[in-house]
Amino acid sequence: EQRIALEVAPALLIVGACFLVATFRALDYETVRAFAYSLGLRRKEALLGSIVESSTDCILSLDAEGRIRMANHAAERLFACDSDTLRAAKLAELAPGFVEVQRPGAALDALSGSVVEEQARRADGLVFPVEVSVSRVALAEEPLYTVIMRDVTQRKAHERRLQHQATHDSLTGLPNRTALETALEAAIARAGSGQTVALLMLDLCRFKEVNDTLGHHIGDQALCEVARRFQAAIGESFLARLGGDEFTIVLANAAGREQVLGLAHCLNESLRTPIHAGGVGLDLGVSVGVALYPEHASDAAQLLKHADVAMYVCKRRGSDCEFYDAGGDGNSVRRLAMVGELRQAIGTEQLTLHYQPQINLKSGRAESVEALLRWHHPQYGPVSPAEFIEIAESTDLIRPLTAWSIER
C-alpha cells in the first residue's frame with residue numbers, strides 16, 4: 001500500500017488570506033472608519049473612567065431631573081454611602097441649597113459654568129461646606145450635567161482663623177481697633193431718634209510702672225486679667241483693646257449719663273482687688289473718658305477722638321470718669337500734639353537747662369545747684385514745666401528727657 005503526503009498548510013494560509021482580502025474589499029470605507037472609531041472610543045472611555053475614579057474630588061453625573069446617574073468613589077467617601085444609594089438620590093437631597101424647580105434642569109442650567117458654595121449633608125446627617133461647579137454635557141439625545149464637589153471645611157476654618165486674627169487682639173483675644181470701628185459704626189447706624197451710643201475710653205493707671213519694674217511678660221499677664229475683669233463687669237457690651245493699656249467699650253442704646261457713670265464705677269471696682277502676677281499683687285486703676293452720640297459727635301471717628309480727649313482730662317484731674325467737654329477740647333488737643341513735638345524737641349535747642357543754687361543757710365555758701373529744664377516751643381513760646389513734665393511722665397519720654405538732662 002502506498003501513501004502520498006500533501007503539504008496543505010501553505011494552501012490553507014493562501015485561502016485564508018484570500019478570504020480576508022475579499023472580506024475587506026466587500027466592506028465600504030465608512031464601515032471601516034466606524035469600526036476604528038469604536039475602538040478609539042472604548043479606549044477614551046476607559047481613560048476617562050480611570051481619571052474620574054482616581055480623582056479626589058466628588059464627581060457626579062446628573063440627568064435633567066437632578067437625579068444622580070453616576071458617582072465616583074470620592075463621592076461615596078464624601079457622603080459616607082455606597083454607589084447604589086447615591087444613584088437613587090437627587091442632588092437636592094445631598095446639597096439642600098439646590099432647590100428643585102418645576103422645569104427640569106432649570107436650576108442646573110442656571111448654575112452651569114459657575115462655581116458656588118453650598119452646604120452638603122452626609123448620610124449620617126453631618127452638614128459641611130462644599131464648593132460646587134456645574135457644567136452641561138453637549139448631547140443631543142438628553143441633557144446631562146457634570147457636578148464636581150469639593151469639601152472646603154478646612155479652607156473655611158482657615159479663613160475664619162485669618163478673619164479672627166485680623167479683627168482681634170492676639171494677647172487678650174478681645175476685638176481690636178478694626179473691629180471696634182465696625183461695631184461703633186453699626187451701633188450708630190442702628191441708633192434711632194432719641195437713642196444714645198456711649199463710647200468709653202479706658203486707660204490703666206500705674207501700668208507703666210509694672211512694665212518698667214517687672215517686665216513686659218508680667219505686664220502681659222496683668223493685661224489678660226484686666227481684660228477678663230472688664231468683660232465680667234460689662235456683661236454683653238462690646239469691649240475692645242486698642243493696644244498697650246488702652247481699652248474701649250461701646251454701650252449701644254445707653255440709658256443716660258447715670259448708666260455710664262454706674263458702668264465706670266463697676267470698672268473701677270473690678271480692679272480694687274490686686275492682680276497677682278510675677279509673685280506681686282499689682283494695684284491698678286483705670287481712667288474713663290466718655291463721649292456720647294449724638295451729643296458729642298456725629299460719626300464714629302469724631303466719637304473716638306472726643307472719648308480720647310475726655311480720657312486725658314480724666315487722667316490729668318485724677319478722677320474716675322469724665323465726659324467730653326468741648327470747652328476743654330483745645331487744651332486737650334494741644335496736649336496730644338505736644339507728645340510728638342516733645343519727642344522731637346529732645347536734643348535740640350528748644351530745651352535748655354537753668355541752674356538754681358542750693359544755699360546752706362548755716363554757712364551761707366552755695367553748696368550745690370539744681371538743674372531746671374525749660375522748653376521754648378516755636379509756636380507756643382515758653383511751656384510750663386508743670387505741663388510738659390506731666391506729658392513726659394505719662395508717656396515713654398521721661399527716660400530720654402532725663403538722660404539728655406544728665407548728659408547736658
# chains A, B, ... in the order shown; residues from 1 in each chain; ligands from 1
$ select_by_dssp --residues "region 87-269 of chain A" --states "strand (DSSP E)" --output "PyMOL selection string"
chain A and resi 115-121+127-137+144-151+196-205+238-243+246-254
$ residues_around --residues "His376 (chain A)" --least-positions-apart "2" --cutoff "10 Å" --atoms "only C-alpha atoms" --output "list of chain:residue names"
A:Ala345, A:Glu349, A:Gln350, A:Leu351, A:Thr352, A:Arg374, A:Pro378, A:Gln379, A:Tyr380, A:Gly381, A:Pro382, A:Val383, A:Ser384
$ write_last_selection --atoms "C-alpha atoms" --output "tab-separated table (two decimals), in the first residue's frame"
chain	number	residue	atom	x	y	z
A	345	ALA	CA	12.42	118.63	70.83
A	349	GLU	CA	17.96	123.97	71.11
A	350	GLN	CA	14.31	124.14	72.17
A	351	LEU	CA	15.28	122.61	75.52
A	352	THR	CA	17.60	124.42	77.90
A	374	ARG	CA	12.87	124.73	80.27
A	378	PRO	CA	8.49	127.60	68.47
A	379	GLN	CA	4.70	128.13	68.32
A	380	TYR	CA	3.50	128.37	71.93
A	381	GLY	CA	6.58	130.07	73.35
A	382	PRO	CA	7.67	129.14	76.91
A	383	VAL	CA	5.87	125.98	78.07
A	384	SER	CA	5.41	125.48	81.80
$ closest_residue --among "A:Ala92, A:Met149, A:Leu171, A:Ala300" --to "Leu184 (chain A)" --atoms "only C-alpha atoms"
A:Ala300
$ residues_around --residues "region 186-191 of chain A" --least-positions-apart "2" --cutoff "8 Å" --atoms "only C-alpha atoms" --output "list of chain:residue names"
A:Thr182, A:Ala183, A:Leu184, A:Ser193, A:Gln195, A:Thr196, A:Val197, A:Ala252, A:Asn253, A:Tyr293, A:Asp299, A:Ala300
$ write_last_selection --atoms "C-alpha atoms" --output "PDB file, in the first residue's frame"
ATOM      1  CA  THR A 182     -17.012  98.381  62.612  1.00  0.00           C
ATOM      2  CA  ALA A 183     -19.025  97.832  65.793  1.00  0.00           C
ATOM      3  CA  LEU A 184     -19.189 101.560  66.556  1.00  0.00           C
ATOM      4  CA  SER A 193     -34.134 109.145  67.160  1.00  0.00           C
ATOM      5  CA  GLN A 195     -31.230 106.947  71.347  1.00  0.00           C
ATOM      6  CA  THR A 196     -27.701 107.398  72.683  1.00  0.00           C
ATOM      7  CA  VAL A 197     -24.492 105.498  71.936  1.00  0.00           C
ATOM      8  CA  ALA A 252     -25.354 100.850  72.438  1.00  0.00           C
ATOM      9  CA  ASN A 253     -28.673 102.477  73.335  1.00  0.00           C
ATOM     10  CA  TYR A 293     -23.545 110.120  70.205  1.00  0.00           C
ATOM     11  CA  ASP A 299     -19.808 109.970  63.438  1.00  0.00           C
ATOM     12  CA  ALA A 300     -17.590 107.164  64.713  1.00  0.00           C
TER      13      ALA A 300
END
$ residues_around --residues "region 133-138 of chain A" --least-positions-apart "4" --cutoff "6 Å" --atoms "only C-alpha atoms" --output "ChimeraX atom specification"
/A:112-115,144-148
$ write_last_selection --atoms "C-alpha atoms" --output "compact mmCIF listing (two decimals), in the first residue's frame"
# COMPACT_ATOMS: atom_id res chain seq x y z
CA SER A 112 -23.76 75.78 34.53
CA GLY A 113 -20.27 77.21 34.11
CA SER A 114 -20.16 78.75 37.59
CA VAL A 115 -18.62 77.84 40.93
CA LEU A 144 -26.75 65.57 31.19
CA TYR A 145 -24.80 67.53 33.74
CA THR A 146 -21.46 67.02 35.43
CA VAL A 147 -21.16 68.22 39.01
CA ILE A 148 -17.82 68.41 40.82
$ closest_atom_pairs --of "region 266-348 of chain A" --to "region 204-226 of chain A" --cutoff "7 Å" --atoms "only C-alpha atoms" --output "Markdown table"
| residue | atom | partner | partner_atom | distance |
| --- | --- | --- | --- | --- |
| A:Ile275 | CA | A:Ala222 | CA | 6.7 |
| A:Ala277 | CA | A:Ile218 | CA | 6.1 |
| A:Gly278 | CA | A:Ile218 | CA | 6.0 |
| A:Leu284 | CA | A:Cys205 | CA | 5.7 |
| A:Gly285 | CA | A:Cys205 | CA | 4.8 |
| A:Val286 | CA | A:Leu204 | CA | 4.4 |
| A:Ser287 | CA | A:Leu204 | CA | 6.3 |
$ atom_distance --atom1 "CA of His306 (chain A)" --atom2 "CA of Val290 (chain A)"
7.8 Å
$ residues_around --residues "Arg122 (chain A)" --least-positions-apart "4" --cutoff "12 Å" --atoms "only C-alpha atoms" --output "PyMOL selection string"
chain A and resi 75-82+85-86+93-96+126-130+151
